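Below is the file upload.tsv, which contains TSV, C-alpha atoms.
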chain	number	residue	atom	x	y	z
A	7	MET	CA	0.00	0.00	0.00
A	8	SER	CA	1.35	3.44	-0.95
A	9	GLU	CA	2.00	6.34	1.42
A	10	ARG	CA	-0.99	8.16	-0.12
A	11	GLU	CA	-3.29	5.24	0.62
A	12	ASP	CA	-1.92	5.03	4.16
A	13	ALA	CA	-2.76	8.73	4.60
A	14	ARG	CA	-6.37	8.40	3.51
A	15	GLU	CA	-8.91	9.01	6.21
A	16	VAL	CA	-11.01	6.31	7.81
A	17	ILE	CA	-14.71	7.14	7.83
A	18	VAL	CA	-16.68	6.22	10.96
A	19	LEU	CA	-20.44	5.71	10.67
A	20	MET	CA	-22.22	6.54	13.94
A	21	ASP	CA	-25.59	5.14	14.93
A	22	PRO	CA	-27.66	7.87	16.66
A	23	GLU	CA	-29.70	5.15	18.35
A	24	GLY	CA	-26.67	3.82	20.18
A	25	GLY	CA	-25.48	1.11	17.85
A	26	ARG	CA	-21.82	0.27	17.53
A	27	PRO	CA	-19.76	2.73	15.43
A	28	GLN	CA	-18.68	1.26	12.10
A	29	SER	CA	-15.31	2.06	10.53
A	30	LEU	CA	-15.06	2.23	6.75
A	31	ASN	CA	-11.72	1.82	5.03
A	32	PRO	CA	-10.98	3.09	1.53
A	33	VAL	CA	-11.18	0.73	-1.42
A	34	THR	CA	-10.41	1.20	-5.10
A	35	PHE	CA	-12.72	1.72	-8.04
A	36	SER	CA	-11.23	-1.41	-9.60
A	37	GLU	CA	-12.17	-3.49	-6.57
A	38	LEU	CA	-15.72	-2.15	-6.82
A	39	GLY	CA	-15.93	-2.82	-10.54
A	40	VAL	CA	-16.55	0.86	-11.25
A	41	ASN	CA	-16.37	1.78	-14.92
A	42	GLU	CA	-15.04	5.17	-16.03
A	43	ARG	CA	-17.79	5.97	-18.51
A	44	ARG	CA	-20.73	3.97	-17.20
A	45	ASP	CA	-20.25	4.96	-13.56
A	46	LEU	CA	-17.70	7.66	-12.77
A	47	GLU	CA	-18.64	9.91	-15.67
A	48	LYS	CA	-22.35	9.47	-14.92
A	49	TRP	CA	-21.86	10.38	-11.25
A	50	VAL	CA	-19.91	13.53	-12.12
A	51	MET	CA	-22.54	14.70	-14.60
A	52	GLU	CA	-25.28	14.14	-12.03
A	53	ASN	CA	-23.42	16.01	-9.29
A	54	THR	CA	-20.35	18.06	-10.18
A	55	HIS	CA	-19.64	18.72	-6.48
A	56	ILE	CA	-17.83	15.38	-6.67
A	57	LEU	CA	-15.12	17.51	-8.31
A	58	GLY	CA	-15.20	20.04	-5.50
A	59	GLU	CA	-17.15	22.82	-7.22
A	60	ASP	CA	-20.36	23.78	-8.99
A	61	LEU	CA	-20.11	23.33	-12.77
A	62	LEU	CA	-22.56	23.49	-15.67
A	63	ILE	CA	-22.20	20.45	-17.91
A	64	ILE	CA	-21.89	21.44	-21.57
A	65	THR	CA	-21.41	18.02	-23.17
A	66	SER	CA	-19.84	14.61	-22.65
A	67	GLU	CA	-17.98	12.09	-24.80
A	68	TYR	CA	-17.26	14.85	-27.27
A	69	ASP	CA	-15.41	13.69	-30.41
A	70	LYS	CA	-16.15	16.39	-33.00
A	71	PHE	CA	-12.72	18.00	-32.96
A	72	ASP	CA	-11.35	19.16	-36.30
A	73	LYS	CA	-8.73	16.74	-37.68
A	74	SER	CA	-8.87	14.51	-34.59
A	75	ASP	CA	-10.97	11.58	-33.48
A	76	LYS	CA	-10.02	11.96	-29.79
A	77	ARG	CA	-12.90	11.90	-27.31
A	78	LEU	CA	-12.90	14.02	-24.15
A	79	ASP	CA	-14.86	12.82	-21.15
A	80	VAL	CA	-16.76	15.90	-19.97
A	81	LEU	CA	-16.81	19.56	-20.99
A	82	ALA	CA	-18.23	22.08	-18.52
A	83	LEU	CA	-18.44	25.76	-17.64
A	84	ASP	CA	-17.44	27.20	-14.27
A	85	ARG	CA	-18.97	30.12	-12.38
A	86	ASP	CA	-16.43	32.51	-13.90
A	87	GLY	CA	-17.48	31.58	-17.43
A	88	LYS	CA	-14.37	29.53	-18.16
A	89	VAL	CA	-14.51	26.30	-20.16
A	90	VAL	CA	-13.42	23.30	-18.07
A	91	VAL	CA	-12.00	20.14	-19.64
A	92	ILE	CA	-12.62	17.17	-17.31
A	93	GLU	CA	-10.63	13.96	-17.66
A	94	LEU	CA	-11.75	11.00	-15.54
A	95	LYS	CA	-9.72	7.93	-14.58
A	96	ARG	CA	-10.25	5.07	-12.18
A	97	ASP	CA	-6.53	5.35	-11.43
A	98	ALA	CA	-4.31	8.08	-12.87
A	99	SER	CA	-1.11	6.05	-12.53
A	100	LYS	CA	0.66	5.59	-15.89
A	101	SER	CA	-2.44	6.86	-17.67
A	102	LEU	CA	-0.95	9.96	-19.33
A	103	ALA	CA	-4.14	11.73	-18.24
A	104	ASP	CA	-2.28	15.03	-18.02
A	105	LEU	CA	-1.13	14.87	-21.63
A	106	GLN	CA	-4.58	13.81	-22.83
A	107	ALA	CA	-6.25	16.69	-21.02
A	108	ILE	CA	-3.73	19.24	-22.32
A	109	ARG	CA	-4.46	18.07	-25.86
A	110	TYR	CA	-8.21	18.44	-25.30
A	111	ALA	CA	-7.72	21.89	-23.75
A	112	ALA	CA	-5.77	22.96	-26.83
A	113	PHE	CA	-8.61	21.71	-29.04
A	114	CYS	CA	-11.15	23.62	-26.91
A	115	SER	CA	-9.16	26.86	-26.86
A	116	THR	CA	-11.00	28.05	-29.98
A	117	ILE	CA	-14.50	27.44	-28.60
A	118	VAL	CA	-16.69	30.55	-28.55
A	119	LEU	CA	-19.88	31.29	-26.63
A	120	ALA	CA	-22.09	30.24	-29.55
A	121	ASP	CA	-20.41	26.80	-29.50
A	122	VAL	CA	-21.01	26.44	-25.79
A	123	VAL	CA	-24.69	27.33	-26.18
A	124	LYS	CA	-25.12	24.90	-29.09
A	125	LEU	CA	-23.46	22.03	-27.19
A	126	ARG	CA	-25.46	22.75	-24.04
A	127	ALA	CA	-28.71	22.79	-26.02
A	128	GLU	CA	-27.90	19.43	-27.61
A	129	TYR	CA	-26.79	17.88	-24.31
A	130	ALA	CA	-29.83	19.09	-22.32
A	131	SER	CA	-32.30	18.62	-25.21
A	132	ILE	CA	-33.46	22.23	-25.00
A	133	GLY	CA	-33.67	25.13	-27.41
A	134	PRO	CA	-30.74	27.53	-27.96
A	135	ASP	CA	-32.53	30.43	-26.26
A	136	ARG	CA	-33.09	28.36	-23.13
A	137	ALA	CA	-29.48	27.14	-23.26
A	138	MET	CA	-28.20	30.71	-23.47
A	139	GLN	CA	-30.39	31.66	-20.52
A	140	GLU	CA	-29.00	28.77	-18.46
A	141	VAL	CA	-25.43	29.79	-19.27
A	142	ARG	CA	-26.01	33.44	-18.37
A	143	GLU	CA	-27.81	32.53	-15.15
A	144	PHE	CA	-25.04	30.13	-14.16
A	145	VAL	CA	-22.07	32.45	-14.74
A	146	GLU	CA	-21.74	34.87	-11.84
A	147	ASP	CA	-20.40	37.79	-13.87
A	148	PRO	CA	-23.45	39.80	-15.02
A	149	GLU	CA	-21.37	41.22	-17.89
A	150	PHE	CA	-20.27	37.80	-19.17
A	151	SER	CA	-20.31	37.83	-22.96
A	152	SER	CA	-17.40	35.74	-24.28
A	153	ILE	CA	-15.33	32.61	-23.66
A	154	GLY	CA	-11.59	32.93	-23.04
A	155	ASN	CA	-8.99	30.94	-24.94
A	156	LYS	CA	-7.42	29.30	-21.88
A	157	PRO	CA	-9.63	26.41	-20.71
A	158	ARG	CA	-9.21	25.03	-17.23
A	159	ILE	CA	-8.41	21.36	-16.70
A	160	ILE	CA	-9.70	19.06	-13.98
A	161	LEU	CA	-8.13	15.62	-13.64
A	162	ALA	CA	-10.23	13.37	-11.41
A	163	ALA	CA	-9.25	9.86	-10.39
A	164	GLY	CA	-9.54	7.31	-7.63
A	165	SER	CA	-5.78	7.57	-7.09
A	166	PHE	CA	-2.96	9.90	-8.06
A	167	ASP	CA	-0.16	7.64	-6.92
A	168	ASP	CA	1.99	8.78	-9.85
A	169	GLN	CA	4.75	11.22	-9.00
A	170	GLU	CA	5.56	11.82	-12.66
A	171	LEU	CA	2.02	13.05	-13.34
A	172	THR	CA	1.70	15.24	-10.23
A	173	SER	CA	5.16	16.77	-10.77
A	174	CYS	CA	4.17	17.60	-14.35
A	175	VAL	CA	0.92	19.24	-13.21
A	176	LEU	CA	2.70	21.35	-10.57
A	177	TRP	CA	5.26	22.48	-13.15
A	178	LEU	CA	2.59	23.39	-15.72
A	179	ASN	CA	0.60	25.33	-13.11
A	180	SER	CA	3.71	27.44	-12.43
A	181	PHE	CA	3.42	28.69	-16.02
A	182	GLY	CA	-0.16	29.88	-15.57
A	183	LEU	CA	-2.07	26.78	-16.70
A	184	ASP	CA	-5.04	26.06	-14.46
A	185	ILE	CA	-4.95	22.33	-13.73
A	186	THR	CA	-6.69	20.81	-10.73
A	187	CYS	CA	-6.25	17.23	-9.52
A	188	VAL	CA	-9.17	15.80	-7.55
A	189	GLU	CA	-8.67	12.47	-5.85
A	190	ILE	CA	-11.99	10.68	-5.33
A	191	THR	CA	-11.72	8.03	-2.65
A	192	PRO	CA	-14.51	5.40	-2.60
A	193	TYR	CA	-15.70	3.70	0.59
A	194	LYS	CA	-17.95	0.61	0.50
A	195	VAL	CA	-20.64	0.35	3.15
A	196	PRO	CA	-20.66	-3.29	4.35
A	197	HIS	CA	-23.80	-5.31	3.55
A	198	GLU	CA	-25.16	-2.46	1.42
A	199	LYS	CA	-24.94	-1.41	-2.22
A	200	ARG	CA	-24.12	2.16	-1.30
A	201	ILE	CA	-20.73	3.70	-2.02
A	202	ILE	CA	-19.45	6.78	-0.23
A	203	LEU	CA	-17.29	9.08	-2.37
A	204	VAL	CA	-14.91	11.47	-0.64
A	205	PRO	CA	-13.36	14.03	-3.05
A	206	ARG	CA	-10.16	15.81	-2.12
A	207	VAL	CA	-8.35	18.47	-4.13
A	208	ILE	CA	-4.70	17.47	-3.96
A	209	ILE	CA	-3.42	20.01	-6.53
A	210	PRO	CA	-3.39	22.86	-5.93
A	211	LEU	CA	-3.54	22.77	-2.14
A	212	PRO	CA	-5.18	25.95	-0.79
A	213	GLU	CA	-1.91	27.36	0.51
A	214	THR	CA	-0.12	26.46	-2.75
A	215	LYS	CA	-2.85	28.11	-4.82
A	216	LYS	CA	-2.62	31.29	-2.78
A	217	TYR	CA	1.16	31.34	-3.24
A	218	THR	CA	0.89	30.69	-6.99
A	219	VAL	CA	-1.71	33.41	-7.46
A	220	GLY	CA	0.52	35.81	-5.54
A	221	ILE	CA	3.47	35.03	-7.80
A	222	GLN	CA	1.33	35.51	-10.92
A	223	ILE	CA	0.10	38.89	-9.67
A	224	LYS	CA	3.67	39.93	-8.91
A	225	GLU	CA	4.81	38.90	-12.39
A	226	ALA	CA	1.90	40.76	-13.98
A	227	LYS	CA	2.88	43.91	-12.11
A	228	GLN	CA	6.48	43.55	-13.23
A	229	GLU	CA	5.36	43.22	-16.84
A	230	GLY	CA	3.37	46.43	-16.52
A	231	LEU	CA	-0.31	47.25	-16.55
A	232	SER	CA	-2.47	47.36	-19.62
A	233	ALA	CA	-3.71	50.75	-20.76
A	234	LEU	CA	-7.16	49.97	-19.32
A	235	GLY	CA	-5.64	48.79	-16.04
A	236	LYS	CA	-3.86	52.11	-15.71
A	237	VAL	CA	-7.14	53.98	-16.28
A	238	TYR	CA	-8.89	52.00	-13.54
A	239	ARG	CA	-6.01	52.49	-11.11
A	240	GLU	CA	-5.99	56.25	-11.71
A	241	ARG	CA	-9.74	56.46	-11.13
A	242	ASN	CA	-9.53	54.30	-8.00
A	243	GLU	CA	-6.70	56.49	-6.69
A	244	GLN	CA	-8.98	59.51	-7.08
A	245	ILE	CA	-11.74	57.74	-5.15
A	246	LEU	CA	-9.30	56.71	-2.43
A	247	ARG	CA	-7.92	60.22	-1.98
A	248	HIS	CA	-11.41	61.46	-1.14
A	249	PHE	CA	-12.41	58.39	0.88
A	250	ARG	CA	-9.36	58.64	3.12
A	251	GLU	CA	-10.64	62.07	4.19
A	252	PHE	CA	-13.80	60.44	5.56
A	253	MET	CA	-12.80	56.93	6.72
A	254	PRO	CA	-9.02	56.49	6.69
A	255	MET	CA	-9.19	53.32	8.82
A	256	ARG	CA	-11.47	51.53	6.31
A	257	ALA	CA	-9.73	52.68	3.14
A	258	PRO	CA	-7.84	50.08	1.03
A	259	LYS	CA	-4.06	50.50	1.33
A	260	GLN	CA	-3.65	51.09	-2.38
A	261	ALA	CA	-5.76	51.59	-5.49
A	262	TRP	CA	-6.68	48.51	-7.48
A	263	ALA	CA	-5.83	48.38	-11.17
A	264	GLU	CA	-9.20	46.80	-11.87
A	265	ARG	CA	-12.81	47.79	-12.51
A	266	ILE	CA	-13.57	46.93	-8.89
A	267	MET	CA	-12.10	47.96	-5.53
A	268	GLN	CA	-13.35	46.35	-2.33
A	269	ILE	CA	-13.55	47.03	1.39
A	270	PRO	CA	-13.91	43.88	3.52
A	271	THR	CA	-16.33	43.45	6.40
A	272	LYS	CA	-15.88	41.16	9.38
A	273	HIS	CA	-18.13	38.60	7.67
A	274	SER	CA	-16.62	36.19	5.17
A	275	LYS	CA	-17.58	36.77	1.52
A	276	VAL	CA	-19.35	40.04	2.37
A	277	HIS	CA	-17.72	43.27	1.22
A	278	TYR	CA	-18.34	46.82	0.09
A	279	GLU	CA	-17.33	47.60	-3.45
A	280	TRP	CA	-16.79	50.32	-6.01
A	281	TRP	CA	-17.51	48.84	-9.42
A	282	GLN	CA	-16.92	50.62	-12.74
A	283	ARG	CA	-19.18	48.74	-15.12
A	284	ARG	CA	-18.41	48.41	-18.80
A	285	ASP	CA	-21.62	50.29	-19.58
A	286	ARG	CA	-19.96	53.30	-17.93
A	287	VAL	CA	-22.02	53.24	-14.78
A	288	LEU	CA	-20.35	53.38	-11.36
A	289	HIS	CA	-21.77	51.27	-8.52
A	290	VAL	CA	-21.24	51.85	-4.82
A	291	ALA	CA	-22.43	48.63	-3.24
A	292	ILE	CA	-22.39	45.98	-0.58
A	293	HIS	CA	-22.15	42.48	-2.02
A	294	PHE	CA	-23.13	39.21	-0.37
A	295	GLU	CA	-21.11	36.53	-2.14
A	296	THR	CA	-21.24	33.54	0.19
A	297	GLY	CA	-21.76	30.16	-1.45
A	298	ASN	CA	-25.27	30.00	0.07
A	299	GLY	CA	-27.59	31.78	-2.35
A	300	GLU	CA	-30.58	31.59	-0.02
A	301	TRP	CA	-28.60	33.17	2.82
A	302	ASN	CA	-27.46	35.99	0.53
A	303	ARG	CA	-31.06	36.67	-0.51
A	304	ARG	CA	-32.32	36.71	3.07
A	305	VAL	CA	-29.70	39.25	4.17
A	306	CYS	CA	-30.49	41.45	1.17
A	307	ASN	CA	-34.22	41.29	1.86
A	308	PHE	CA	-33.59	42.09	5.53
A	309	LEU	CA	-31.85	45.29	4.42
A	310	ARG	CA	-34.75	46.04	2.09
A	311	GLU	CA	-37.03	45.96	5.15
A	312	GLN	CA	-34.88	48.76	6.60
A	313	ASP	CA	-35.17	50.80	3.39
A	314	GLN	CA	-36.46	53.96	5.05
A	315	LEU	CA	-33.53	54.07	7.47
A	316	ILE	CA	-31.00	53.42	4.70
A	317	LYS	CA	-32.61	55.89	2.32
A	318	GLU	CA	-32.52	58.66	4.94
A	319	ALA	CA	-28.83	58.02	5.64
A	320	LEU	CA	-27.90	58.00	1.95
A	321	GLY	CA	-30.13	60.81	0.82
A	322	GLU	CA	-31.35	58.71	-2.12
A	323	PRO	CA	-33.00	55.30	-2.57
A	324	PRO	CA	-30.68	52.31	-3.15
A	325	THR	CA	-31.40	49.35	-5.41
A	326	TYR	CA	-31.87	45.92	-3.83
A	327	GLU	CA	-30.89	42.88	-5.92
A	328	PRO	CA	-31.49	39.67	-3.92
A	329	ASN	CA	-30.97	37.57	-7.07
A	330	TRP	CA	-28.04	39.50	-8.49
A	331	SER	CA	-25.81	37.15	-10.53
A	332	ARG	CA	-28.09	34.21	-9.63
A	333	VAL	CA	-26.33	33.23	-6.38
A	334	TRP	CA	-25.01	36.52	-5.03
A	335	SER	CA	-27.00	39.49	-3.74
A	336	ALA	CA	-26.28	43.21	-3.73
A	337	VAL	CA	-27.50	46.56	-2.48
A	338	TYR	CA	-26.13	49.49	-4.45
A	339	LEU	CA	-26.38	53.05	-5.70
A	340	ARG	CA	-25.33	53.94	-9.24
A	341	LYS	CA	-24.12	56.94	-11.15
A	342	PRO	CA	-23.32	57.36	-14.87
A	343	CYS	CA	-19.59	57.90	-15.42
A	344	GLU	CA	-19.28	58.18	-19.18
A	345	GLU	CA	-17.25	61.33	-18.68
A	346	TRP	CA	-15.05	60.65	-15.67
A	347	SER	CA	-14.35	63.60	-13.37
A	348	ASP	CA	-13.18	64.36	-9.85
A	349	ASP	CA	-16.79	65.09	-8.93
A	350	ILE	CA	-17.70	61.48	-9.73
A	351	ALA	CA	-14.77	60.23	-7.63
A	352	ARG	CA	-15.90	62.38	-4.71
A	353	TRP	CA	-19.49	61.13	-5.08
A	354	ALA	CA	-18.20	57.54	-4.93
A	355	ALA	CA	-16.22	58.26	-1.77
A	356	GLN	CA	-18.99	60.19	-0.03
A	357	THR	CA	-21.64	57.60	-0.90
A	358	MET	CA	-19.51	54.77	0.50
A	359	TYR	CA	-18.92	56.91	3.59
A	360	LYS	CA	-22.68	57.15	4.06
A	361	LEU	CA	-23.38	53.51	3.20
A	362	ILE	CA	-20.98	51.80	5.61
A	363	PRO	CA	-22.17	53.33	8.93
A	364	VAL	CA	-25.83	52.54	8.28
A	365	VAL	CA	-25.42	49.08	6.75
A	366	ASP	CA	-22.62	47.68	8.95
A	367	PRO	CA	-24.75	47.47	12.14
A	368	LEU	CA	-27.74	46.08	10.23
A	369	VAL	CA	-25.67	43.26	8.73
A	370	ASP	CA	-24.12	42.55	12.14
A	371	LYS	CA	-27.59	42.42	13.65
A	372	TYR	CA	-28.81	39.94	11.04
A	373	TYR	CA	-25.82	37.65	11.58
A	374	GLU	CA	-26.33	37.77	15.37
A	375	MET	CA	-30.04	36.98	14.99
A	376	HIS	CA	-29.32	34.00	12.76
A	377	GLU	CA	-26.04	32.79	14.22
A	378	GLY	CA	-25.28	29.26	13.03
A	379	ALA	CA	-28.08	29.28	10.44
A	380	GLN	CA	-25.75	29.79	7.50

Show me, as structure tokens, the structure contained in the file I just sent.
Amino acid sequence: MSEREDAREVIVLMDPEGGRPQSLNPVTFSELGVNERRDLEKWVMENTHILGEDLLIITSEYDKFDKSDKRLDVLALDRDGKVVVIELKRDASKSLADLQAIRYAAFCSTIVLADVVKLRAEYASIGPDRAMQEVREFVEDPEFSSIGNKPRIILAAGSFDDQELTSCVLWLNSFGLDITCVEITPYKVPHEKRIILVPRVIIPLPETKKYTVGIQIKEAKQEGLSALGKVYRERNEQILRHFREFMPMRAPKQAWAERIMQIPTKHSKVHYEWWQRRDRVLHVAIHFETGNGEWNRRVCNFLREQDQLIKEALGEPPTYEPNWSRVWSAVYLRKPCEEWSDDIARWAAQTMYKLIPVVDPLVDKYYEMHEGAQ
């Protein structure tokens, strides 16, 4: 037995009625007679959380590549609107799964949004309009309009006891490729037909991912900002100069070279945000971006119930979007910024200064009232 298998957790089934606890040890897909296409692929398409995240299945067993008869297992879309190539193996050892997936990702690099919609419509047996609606509702960016040319890769297998493969993946990730390895450990429940699947992302580990992202950001800064990035940074610097006059302790340390600039709260995945939309409208907002869509909606609706208090503090009515971007929720004020000026930057700073003191205690109150409910 390998070191990886030795390190796998033992699952203990507890009987709430006082029966004897039952320990489950890991087995292999081969021992269970699990088939890659008939079983593993079917399970993933029925519940993509087996891969550790929420994905929209676009197609499976796709073999319509130009000048190639290769067949990829599953093609999906993630919440950021990126195409995801999924390669499934019972055991990744000596399978060359990494090379296969890279080849498929190269083939898929030319896919455009129209292709995604067409494949989704065929897979789900729905019309193209409905498929487009599903795609737009699934992707969390409300301005999503195109597919990038760098697909992600997810390699999923019952075992990754192959140092050559994992070393290759780590090396490729260092060059900016987005490859995730998910080890799916099966457990057989004695005297039952049920199988318990325990997915575990082994590459990249959370701390490794954070480090890699940090390196990539550093390299991007060294290479210099794009012209648009410089525009956003200059505008955000203007906003910050004014905001530091009002709330220096809450101001970001430096201006972001992006369309957004955030101020965290003490609640995870909840933040205030300045957002320069592509339609040249500036938002001053609080966003609720936890993974629990129902929780986000309830907090937003709770703030809507305090509308009179918020409106009086702001001097104008905000917009409440409990279903913003399908899962997230938002409360915001907006101002056209087609012609950017210092007056717009000051409005952004002053509005945030008004928004934080009235909303902060209301959000805290809601979390206290529903502690543990999330």

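Closest to Asp97 of chain A among A:Ile64, A:Leu46, A:Ala130, A:Leu125 is A:Leu46, based on only C-alpha atoms.
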
- Task: Could you tell me which of A:Pro323, A:Thr271, A:Ile209, A:Arg304 comes closest to Asp370 of chain A if we count all atoms listed in the file?
- Result: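 When distances to Asp370 of chain A are compared using all atoms listed in the file, the smallest one comes from A:Thr271.
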
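Across the structure, atom CA of Asp104 of chain A and atom CA of Asp69 of chain A are spaced 18.1 Å apart.
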
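Of note, atom CA of Gly235 of chain A and atom CA of Val337 of chain A are spaced 25.8 Å apart.
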
Could you make a table, as CSV, of the residues of segment 90-190 of chain A that have an atom within 12 Å of an atom of segment 25-32 of chain A, each with its nearest atom pair and distance in Å to one decimal, counting only C-alpha atoms, in chain and number order?
residue,atom,partner,partner_atom,distance
A:Gly164,CA,A:Pro32,CA,10.2
A:Ser165,CA,A:Pro32,CA,11.0
A:Ile190,CA,A:Pro32,CA,10.3

- Message: So that I can see what lies close to Trp262 of chain A, please list as a PyMOL selection string the residues with an atom at most 12 Å from it, counting only C-alpha atoms and leaving out residues fewer than 6 positions away in the same chain.
- Response: chain A and resi 223+227+231+234-246+268-269+279-282

Grab the residues selected above and save them as a PDB file, keeping the file's coordinate frame with C-alpha atoms.
ATOM      1  CA  ILE A 223       0.100  38.890  -9.670  1.00  0.00           C
ATOM      2  CA  LYS A 227       2.880  43.910 -12.110  1.00  0.00           C
ATOM      3  CA  LEU A 231      -0.310  47.250 -16.550  1.00  0.00           C
ATOM      4  CA  LEU A 234      -7.160  49.970 -19.320  1.00  0.00           C
ATOM      5  CA  GLY A 235      -5.640  48.790 -16.040  1.00  0.00           C
ATOM      6  CA  LYS A 236      -3.860  52.110 -15.710  1.00  0.00           C
ATOM      7  CA  VAL A 237      -7.140  53.980 -16.280  1.00  0.00           C
ATOM      8  CA  TYR A 238      -8.890  52.000 -13.540  1.00  0.00           C
ATOM      9  CA  ARG A 239      -6.010  52.490 -11.110  1.00  0.00           C
ATOM     10  CA  GLU A 240      -5.990  56.250 -11.710  1.00  0.00           C
ATOM     11  CA  ARG A 241      -9.740  56.460 -11.130  1.00  0.00           C
ATOM     12  CA  ASN A 242      -9.530  54.300  -8.000  1.00  0.00           C
ATOM     13  CA  GLU A 243      -6.700  56.490  -6.690  1.00  0.00           C
ATOM     14  CA  GLN A 244      -8.980  59.510  -7.080  1.00  0.00           C
ATOM     15  CA  ILE A 245     -11.740  57.740  -5.150  1.00  0.00           C
ATOM     16  CA  LEU A 246      -9.300  56.710  -2.430  1.00  0.00           C
ATOM     17  CA  GLN A 268     -13.350  46.350  -2.330  1.00  0.00           C
ATOM     18  CA  ILE A 269     -13.550  47.030   1.390  1.00  0.00           C
ATOM     19  CA  GLU A 279     -17.330  47.600  -3.450  1.00  0.00           C
ATOM     20  CA  TRP A 280     -16.790  50.320  -6.010  1.00  0.00           C
ATOM     21  CA  TRP A 281     -17.510  48.840  -9.420  1.00  0.00           C
ATOM     22  CA  GLN A 282     -16.920  50.620 -12.740  1.00  0.00           C
TER      23      GLN A 282
END

- Message: Taking only C-alpha atoms into account, name the residue in A:Val333, A:Ala120, A:Ala82, A:Val276 that is nearest to Met51 of chain A.
- Response: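 Checking each candidate against Met51 of chain A, we get A:Ala82 as the closest.
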
- Task: Quick one: everything within 12 Å of Pro367 of chain A, counting only C-alpha atoms, minus sequence neighbours fewer than 2 positions away in the same chain. Send it as a PyMOL selection string.
- Result: chain A and resi 271-273+309+312+315-316+361-365+369-374

For the residues selected in the previous step, produce a file with C-alpha atoms as a short mmCIF file (atom, residue, chain, number, x, y, z; two decimals), in the frame of the given file.
data_model
loop_
_atom_site.label_atom_id
_atom_site.label_comp_id
_atom_site.auth_asym_id
_atom_site.auth_seq_id
_atom_site.Cartn_x
_atom_site.Cartn_y
_atom_site.Cartn_z
CA THR A 271 -16.33 43.45 6.40
CA LYS A 272 -15.88 41.16 9.38
CA HIS A 273 -18.13 38.60 7.67
CA LEU A 309 -31.85 45.29 4.42
CA GLN A 312 -34.88 48.76 6.60
CA LEU A 315 -33.53 54.07 7.47
CA ILE A 316 -31.00 53.42 4.70
CA LEU A 361 -23.38 53.51 3.20
CA ILE A 362 -20.98 51.80 5.61
CA PRO A 363 -22.17 53.33 8.93
CA VAL A 364 -25.83 52.54 8.28
CA VAL A 365 -25.42 49.08 6.75
CA VAL A 369 -25.67 43.26 8.73
CA ASP A 370 -24.12 42.55 12.14
CA LYS A 371 -27.59 42.42 13.65
CA TYR A 372 -28.81 39.94 11.04
CA TYR A 373 -25.82 37.65 11.58
CA GLU A 374 -26.33 37.77 15.37
#

- Suppose you want the space between atom CA of Lys124 of chain A and atom CA of Ile63 of chain A; what is it in Å?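 Between these atoms lies a distance of 12.4 Å.
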
- Message: Residues near Asp79 of chain A, anyone? I mean within 6 Å using only C-alpha atoms, not counting same-chain ones fewer than 6 positions away, as a PyMOL selection string.
- Response: chain A and resi 66-67+93

- Query: Within 9 Å of Lys360 of chain A, counting all atoms listed in the file, which residues qualify if same-chain residues fewer than 6 places away don't, as an MDAnalysis selection string?
  - Reply: chainID A and resid 319:321

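With distances restricted to all atoms listed in the file, A:Asp147 is the closest residue to Trp330 of chain A from A:Asp147, A:Ser152, A:Arg256, A:Arg85.
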
- Task: Write out as a PyMOL selection string the residues lying within 12 Å of Asn155 of chain A, counting all atoms listed in the file and excluding same-chain residues fewer than 6 positions away.
- Result: chain A and resi 87-90+111-119+183

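The closest residue to Tyr129 of chain A, picked from A:Ser180, A:Thr172, A:Thr65, A:Ser101 and counting all atoms listed in the file, is A:Thr65.
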
- Query: Hey, which of A:Asp313, A:Asp348, A:Asp86, A:Asp60 ends up closest to Glu149 of chain A? Count all atoms listed in the file.
  - Reply: A:Asp86

- Query: Can you tell me, as a VMD selection string, which residues sit within 9 Å of (-12.6, 10.0, -2.6) in the file's frame, using only C-alpha atoms?
  - Reply: chain A and resid 14 32 56 163 to 165 188 to 193 202 to 206

N, CA and C atoms are what I want for segment 169-176 of chain A; can you complete it accordingly and write them as a PDB file, keeping the file's coordinate frame?
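Okay, rebuild20.pdb is ready:
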ATOM      1  N   GLN A 169       3.966  10.013  -9.234  1.00  0.00           N
ATOM      2  CA  GLN A 169       4.750  11.220  -9.000  1.00  0.00           C
ATOM      3  C   GLN A 169       5.105  11.935 -10.299  1.00  0.00           C
ATOM      4  N   GLU A 170       5.252  11.187 -11.376  1.00  0.00           N
ATOM      5  CA  GLU A 170       5.560  11.820 -12.660  1.00  0.00           C
ATOM      6  C   GLU A 170       4.415  12.734 -13.086  1.00  0.00           C
ATOM      7  N   LEU A 171       3.183  12.258 -12.935  1.00  0.00           N
ATOM      8  CA  LEU A 171       2.020  13.050 -13.340  1.00  0.00           C
ATOM      9  C   LEU A 171       1.873  14.282 -12.455  1.00  0.00           C
ATOM     10  N   THR A 172       1.913  14.098 -11.133  1.00  0.00           N
ATOM     11  CA  THR A 172       1.700  15.240 -10.230  1.00  0.00           C
ATOM     12  C   THR A 172       2.816  16.270 -10.359  1.00  0.00           C
ATOM     13  N   SER A 173       4.050  15.819 -10.575  1.00  0.00           N
ATOM     14  CA  SER A 173       5.160  16.770 -10.770  1.00  0.00           C
ATOM     15  C   SER A 173       4.940  17.578 -12.045  1.00  0.00           C
ATOM     16  N   CYS A 174       4.455  16.916 -13.086  1.00  0.00           N
ATOM     17  CA  CYS A 174       4.170  17.600 -14.350  1.00  0.00           C
ATOM     18  C   CYS A 174       3.091  18.653 -14.167  1.00  0.00           C
ATOM     19  N   VAL A 175       2.027  18.305 -13.435  1.00  0.00           N
ATOM     20  CA  VAL A 175       0.920  19.240 -13.210  1.00  0.00           C
ATOM     21  C   VAL A 175       1.403  20.461 -12.422  1.00  0.00           C
ATOM     22  N   LEU A 176       2.177  20.241 -11.375  1.00  0.00           N
ATOM     23  CA  LEU A 176       2.700  21.350 -10.570  1.00  0.00           C
ATOM     24  C   LEU A 176       3.565  22.278 -11.426  1.00  0.00           C
TER      25      LEU A 176
END
